[in-house]
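**Q** The structure follows.
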Amino acid sequence: MMTLTGITQDRYAGRHRRRVVPALAALTGALLLSSCTNLDVPDTNSPTQGVLTETPTRQTLARTAVGIQTQTSLDTPAEIQQWGIYGRELYNLLGNDPRETGEEISGPQDPGGRAGAEWANKYAAIRTINTYLAALPKAGLSEAEVSASQGFANTLKAWYLHMLAVRSGPTGMPIDVDKPIDAEPAPLVSSQEAMEAAATLMNQALEQLNAGGGEFPFNFVEGFEGFDTPATFAKFNRALAAKMLVHRATFYACASCWADAATAMSASFVTETGLPVTLKLGVYYGFTSTANETANPITETLTNNRYWIHPSIITGAQLRPGGQPDLRLTTKVALAPEPRTLNDLTGTYKPVMYNNASDPTVPDLDANVPWIINEELLLLRAEIRWNTGDKTGALNDINLVRVNAGGLAPTLLTAASADAAFITELLYNRTYSLMWTQGTRWVDARRYNRLNTLPLDRPGDVVHPHMLIPSAECDARGLDVPCSISGG
């Protein structure tokens with residue numbers, strides 16, 4: 001039987017318990033392995049697909065909803081590392097995997113390895129969500145509870161589809177994946193079409209949340225505090241929607257997306273009140289040191305050889321009025337006791353943004369990773385305002401972040417400044433505000449056609465413009481490897 005979630009029973013009893021990794025086995029658009037549960041021994045912690053779709057109960061659905069939440073962070077470590085390496089935010093100099101100083105920096109990409117990653121987990125999560133959605137009307141929930149649950153699940157599904165489109169770029173991807181295990185693989189569509197479909201689904205999810213009453217029929221894991229009712233989760237939905245629309249506007253020149261993004265942003269949780277504290281307001285991927293659960297994947301001691309800040313991040317930081325570097329650098333990195341050189345790549349500074357707040361040399365396995373927070377929303381709003389004619393408002397938003405997060409003086413740009421100068425200022429602030437959270441530098445360079453501005457460390461190094469469709473997905477469609485929507 002196909003196991004959908006593996007949630008400890010006492011976890012469901014608490015409101016904000018720590019996350020647990022689901023014992024999930026599901027399908028991608030074409031191929032994923034499934035796991036088997038012993039049919040003679042009922043697994044009360046992991047409802048099977050049959051239980052969920054044939055005889056679901058309120059409790060089973062509630063546990064599954066928690067399991068869906070725990071899946072959201074599965075790709076976070078890989079995205080921080082791989083997209084960070086692609087975008088020259090970081091190095092991995094541990095030396096146990098040659099791809100981290102070879103393929104990921106100099107190529108060629110291998111669709112059977114890292115270049116085909118950040119795919120299977122997202123499609124597995126989408127399959128879990130599809131099964132959950134099919135089960136919702138069968139468990140005796142009220143109409144409002146069903147609608148709230150649909151809005152929750154479709155918000156996450158839309159986000160997965162969008163992020164798959166971001167990773168894949170021109171290769172395309174499948175979106176019609178709600179199929180039986182023995183069905184033909186879903187056809188590939190363009191990433192532009194996938195982003196449009198994700199945006200439509202995100203808006204549908206908002207309608208469902210708005211009809212969802214006052215509370216969800218399930219609990220939330222850590223990271224969603226303050227966004228755990230249909231009304232507050234809708235603000236999270238609108239924050240993601242605004243970001244998705246900005247991506248569509250810049251990746252695919254969607255002119256109407258700017259105005260739509262402004263509307264979505266106005267319904268999000270963006271705020272100028274309470275700065276700088278409220279810069280960190282938002283939704284997080286939760287991690288924990290609790291046994292059998294998922295610890296923060298980035299935090300480590302200063303003597304660990306794994307993660308290093310890319311030198312260009314250090315040298316590119318602007319200075320505060322007193323001559324010290326941007327606070328977003330000095331609070332997030334620390335000089336290592338010894339530099340590390342591997343394959344002609346040298347790291348000198350270590351990331352400490354997820355280490356102990358009072359002693360950054362000490363790892364903090366309980367540190368959460370931002371998903372989307374007010375600091376990012378202010379920068380997204382600046383981008384939206386600049387492109388909808390409110391250039392003064394855009395610069396005001398930039399300055400709110402520069403001053404409150406970076407300790408920098410206000411920008412010298414004016415409403416008469418060139419678009420290119422604004423983009424340079426915007427991307428600088430996005431890099432330092434969001435570094436080591438989501439591969440921002442790489443994604444931004446792609447959507448503004450600035451990949452050529454990213455540093456090349458050695459002769460022969462390259463900057464990869466996108467990730468690849470996994471080779472197994474190509475094989476399932478009878479396409480040559482690597483493959484894309486245009487063929488093999």
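Simple scheme: letters A, B, ... for chains in structure tokens order, numbers from 1 for residues in each chain, numbers from 1 for ligands in the order shown.
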Name all residues at most 10 Å from Cys483 (chain A) (count only C-alpha atoms; drop same-chain ones fewer than 4 positions away) and give them as a compact mmCIF listing (two decimals) with C-alpha atoms, in the first residue's frame.
**A**
```txt
# COMPACT_ATOMS: atom_id res chain seq x y z
CA PRO A 111 20.33 15.06 -15.53
CA THR A 171 13.06 22.57 -20.44
CA GLY A 172 9.40 22.56 -19.43
CA LEU A 468 17.39 19.74 -16.10
CA ILE A 469 14.53 17.28 -16.33
CA PRO A 470 15.62 14.10 -14.51
CA SER A 471 16.85 11.43 -16.90
CA GLU A 473 11.51 11.32 -16.71
CA CYS A 474 13.05 11.56 -20.19
CA ASP A 475 13.31 7.78 -20.42
CA ARG A 477 8.64 9.55 -22.34
CA GLY A 478 10.96 7.90 -24.83
CA LEU A 479 13.03 11.07 -25.17
CA GLY A 487 12.18 16.93 -27.58
CA GLY A 488 15.31 15.02 -26.62
```
**Q** Give me every helix (DSSP H, G or I) residue in region 100-221 of chain A, going by DSSP on the backbone, as a PyMOL selection string.
**A** chain A and resi 100+103-106+114-116+120-138+143-171+191-210
**Q** Report as a ChimeraX atom specification all protein, DNA and RNA residues lying within 7 Å of Leu302 (chain A), evaluated on only C-alpha atoms, omitting residues in the same chain fewer than 5 positions from it.
**A** /A:336,350,361
**Q** Next, the residues of the selection above should be written as an mmCIF file, in the first residue's frame with C-alpha atoms.
**A**
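See result39.cif below for the written result:
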```cif
data_model
loop_
_atom_site.group_PDB
_atom_site.id
_atom_site.type_symbol
_atom_site.label_atom_id
_atom_site.label_comp_id
_atom_site.auth_asym_id
_atom_site.auth_seq_id
_atom_site.Cartn_x
_atom_site.Cartn_y
_atom_site.Cartn_z
ATOM 1 C CA ALA A 336 36.699 31.108 10.059
ATOM 2 C CA LYS A 350 31.434 30.906 7.219
ATOM 3 C CA THR A 361 30.164 29.953 16.738
#
```
**Q** Can you list, as a PyMOL selection string, every protein, DNA or RNA residue that comes within 10 Å of Glu338 (chain A) when you count only C-alpha atoms, leaving out same-chain residues fewer than 6 positions away?
**A** chain A and resi 302-303+305+347-349
**Q** Among region 279-397 of chain A, which ones does DSSP place in strand (DSSP E), written as a ChimeraX atom specification?
**A** /A:282-285,307-309,333-342,345-351,369-373
**Q** To one decimal place in Å, what is the distance between CA of Gln208 (chain A) and CA of Ser147 (chain A)?
**A** 4.9 Å
**Q** Find, counting only C-alpha atoms, the residue in A:Thr101, A:Gly439, A:Gln71, A:Leu90 that gets nearest to Asn343 (chain A).
**A**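 Residue with the minimum atom-to-atom distance to Asn343 (chain A): A:Thr101.
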**Q** Can you work out the spacing between CA of Gly116 (chain A) and CA of Gly84 (chain A) in Å, to one decimal?
**A**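 Answer for the CA of Gly116 (chain A) to CA of Gly84 (chain A) separation: 15.8 Å.
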**Q** Counting only C-alpha atoms, which of A:Phe422, A:Ile80, A:Arg127, A:Ile85 gets nearest to Leu434 (chain A)?
**A**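 Answer, going by the shortest atom-to-atom distance: A:Ile80.
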**Q** Which one of A:Ser484, A:Thr263, A:Asn356, A:Thr273 sits closest to Ser190 (chain A) if you count only C-alpha atoms?
**A**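 For Ser190 (chain A), the nearest of the given residues is A:Ser484.
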**Q** Find the residues around region 232-241 of chain A up to 6 Å (only C-alpha atoms counted), leave out those fewer than 6 positions away in its own chain, and share them as a ChimeraX atom specification.
**A** /A:264,268-269
**Q** Could you give me, as a list in words, the residues within 10 Å of Thr57 (chain A), counting only C-alpha atoms and dropping anything in the same chain fewer than 6 positions from it?
**A** Val51, Arg63, Ala135, Leu136, Lys138, Ala139, Gly140 and Leu141 of chain A
**Q** So that I can see what lies close to Val352 (chain A), please list as a PDB file with N, CA and C atoms, in the first residue's frame the residues with an atom at most 12 Å from it, counting only C-alpha atoms and leaving out residues fewer than 6 positions away in the same chain.
**A**
```pdb
ATOM      1  N   ILE A 298      21.754  23.726   7.612  1.00  0.00           N
ATOM      2  CA  ILE A 298      22.843  24.631   7.253  1.00  0.00           C
ATOM      3  C   ILE A 298      23.757  24.929   8.435  1.00  0.00           C
ATOM      4  N   THR A 299      23.204  25.005   9.615  1.00  0.00           N
ATOM      5  CA  THR A 299      23.971  25.408  10.789  1.00  0.00           C
ATOM      6  C   THR A 299      25.135  24.454  11.047  1.00  0.00           C
ATOM      7  N   GLU A 300      26.289  25.015  11.380  1.00  0.00           N
ATOM      8  CA  GLU A 300      27.465  24.197  11.678  1.00  0.00           C
ATOM      9  C   GLU A 300      28.523  25.047  12.365  1.00  0.00           C
ATOM     10  N   THR A 301      29.514  24.402  12.935  1.00  0.00           N
ATOM     11  CA  THR A 301      30.585  25.106  13.622  1.00  0.00           C
ATOM     12  C   THR A 301      31.482  25.833  12.619  1.00  0.00           C
ATOM     13  N   LEU A 302      32.268  26.762  13.109  1.00  0.00           N
ATOM     14  CA  LEU A 302      33.178  27.506  12.248  1.00  0.00           C
ATOM     15  C   LEU A 302      34.338  26.660  11.760  1.00  0.00           C
ATOM     16  N   THR A 303      34.547  25.512  12.371  1.00  0.00           N
ATOM     17  CA  THR A 303      35.646  24.635  11.947  1.00  0.00           C
ATOM     18  C   THR A 303      35.194  23.570  10.951  1.00  0.00           C
ATOM     19  N   ASN A 304      33.909  23.535  10.661  1.00  0.00           N
ATOM     20  CA  ASN A 304      33.409  22.568   9.681  1.00  0.00           C
ATOM     21  C   ASN A 304      33.833  23.005   8.274  1.00  0.00           C
ATOM     22  N   TYR A 307      30.264  24.372   4.477  1.00  0.00           N
ATOM     23  CA  TYR A 307      29.702  25.565   3.848  1.00  0.00           C
ATOM     24  C   TYR A 307      30.585  26.791   4.031  1.00  0.00           C
ATOM     25  N   TRP A 308      30.741  27.556   2.936  1.00  0.00           N
ATOM     26  CA  TRP A 308      31.557  28.766   2.937  1.00  0.00           C
ATOM     27  C   TRP A 308      30.860  29.855   2.127  1.00  0.00           C
ATOM     28  N   ILE A 309      31.027  31.076   2.563  1.00  0.00           N
ATOM     29  CA  ILE A 309      30.486  32.222   1.842  1.00  0.00           C
ATOM     30  C   ILE A 309      31.326  32.473   0.592  1.00  0.00           C
ATOM     31  N   ARG A 328      23.615  43.165   7.082  1.00  0.00           N
ATOM     32  CA  ARG A 328      23.134  41.877   6.568  1.00  0.00           C
ATOM     33  C   ARG A 328      24.287  40.950   6.225  1.00  0.00           C
ATOM     34  N   LEU A 329      25.483  41.502   6.136  1.00  0.00           N
ATOM     35  CA  LEU A 329      26.674  40.668   6.000  1.00  0.00           C
ATOM     36  C   LEU A 329      27.251  40.345   7.369  1.00  0.00           C
ATOM     37  N   THR A 330      27.491  41.358   8.171  1.00  0.00           N
ATOM     38  CA  THR A 330      28.213  41.150   9.433  1.00  0.00           C
ATOM     39  C   THR A 330      27.435  40.309  10.429  1.00  0.00           C
ATOM     40  N   THR A 331      26.094  40.299  10.316  1.00  0.00           N
ATOM     41  CA  THR A 331      25.302  39.471  11.232  1.00  0.00           C
ATOM     42  C   THR A 331      25.087  38.063  10.705  1.00  0.00           C
ATOM     43  N   LYS A 332      25.474  37.808   9.459  1.00  0.00           N
ATOM     44  CA  LYS A 332      25.202  36.508   8.860  1.00  0.00           C
ATOM     45  C   LYS A 332      26.452  35.694   8.568  1.00  0.00           C
ATOM     46  N   VAL A 333      27.627  36.294   8.664  1.00  0.00           N
ATOM     47  CA  VAL A 333      28.856  35.565   8.370  1.00  0.00           C
ATOM     48  C   VAL A 333      29.869  35.812   9.480  1.00  0.00           C
ATOM     49  N   ALA A 334      30.844  34.923   9.552  1.00  0.00           N
ATOM     50  CA  ALA A 334      31.937  35.079  10.521  1.00  0.00           C
ATOM     51  C   ALA A 334      33.219  34.553   9.901  1.00  0.00           C
ATOM     52  N   LEU A 335      34.325  35.165  10.263  1.00  0.00           N
ATOM     53  CA  LEU A 335      35.636  34.739   9.784  1.00  0.00           C
ATOM     54  C   LEU A 335      35.975  33.383  10.397  1.00  0.00           C
ATOM     55  N   ALA A 336      36.340  32.432   9.567  1.00  0.00           N
ATOM     56  CA  ALA A 336      36.699  31.108  10.059  1.00  0.00           C
ATOM     57  C   ALA A 336      38.078  31.135  10.695  1.00  0.00           C
ATOM     58  N   SER A 358      23.215  34.199  20.463  1.00  0.00           N
ATOM     59  CA  SER A 358      24.121  34.808  21.433  1.00  0.00           C
ATOM     60  C   SER A 358      25.568  34.396  21.228  1.00  0.00           C
ATOM     61  N   ASP A 359      25.792  33.289  20.537  1.00  0.00           N
ATOM     62  CA  ASP A 359      27.151  32.830  20.243  1.00  0.00           C
ATOM     63  C   ASP A 359      27.165  32.218  18.847  1.00  0.00           C
ATOM     64  N   PRO A 360      27.469  33.005  17.827  1.00  0.00           N
ATOM     65  CA  PRO A 360      27.380  32.515  16.449  1.00  0.00           C
ATOM     66  C   PRO A 360      28.371  31.415  16.099  1.00  0.00           C
ATOM     67  N   THR A 361      29.270  31.079  17.008  1.00  0.00           N
ATOM     68  CA  THR A 361      30.164  29.953  16.738  1.00  0.00           C
ATOM     69  C   THR A 361      29.490  28.620  17.036  1.00  0.00           C
ATOM     70  N   VAL A 362      28.332  28.664  17.687  1.00  0.00           N
ATOM     71  CA  VAL A 362      27.642  27.450  18.121  1.00  0.00           C
ATOM     72  C   VAL A 362      26.468  27.161  17.193  1.00  0.00           C
ATOM     73  N   PRO A 363      26.369  25.967  16.623  1.00  0.00           N
ATOM     74  CA  PRO A 363      25.227  25.638  15.753  1.00  0.00           C
ATOM     75  C   PRO A 363      23.904  25.673  16.507  1.00  0.00           C
ATOM     76  N   ASP A 364      22.821  25.937  15.792  1.00  0.00           N
ATOM     77  CA  ASP A 364      21.477  25.922  16.355  1.00  0.00           C
ATOM     78  C   ASP A 364      20.611  25.048  15.463  1.00  0.00           C
ATOM     79  N   LEU A 365      20.462  23.801  15.823  1.00  0.00           N
ATOM     80  CA  LEU A 365      19.704  22.859  15.017  1.00  0.00           C
ATOM     81  C   LEU A 365      18.224  23.179  14.980  1.00  0.00           C
ATOM     82  N   ALA A 367      17.040  26.251  14.462  1.00  0.00           N
ATOM     83  CA  ALA A 367      16.824  27.497  13.724  1.00  0.00           C
ATOM     84  C   ALA A 367      15.925  27.260  12.508  1.00  0.00           C
ATOM     85  N   MET A 435      20.056  36.118   1.253  1.00  0.00           N
ATOM     86  CA  MET A 435      21.085  35.122   0.970  1.00  0.00           C
ATOM     87  C   MET A 435      20.974  33.922   1.902  1.00  0.00           C
ATOM     88  N   TRP A 436      21.288  32.782   1.322  1.00  0.00           N
ATOM     89  CA  TRP A 436      21.272  31.509   2.030  1.00  0.00           C
ATOM     90  C   TRP A 436      19.871  31.133   2.515  1.00  0.00           C
TER      91      TRP A 436
END
```
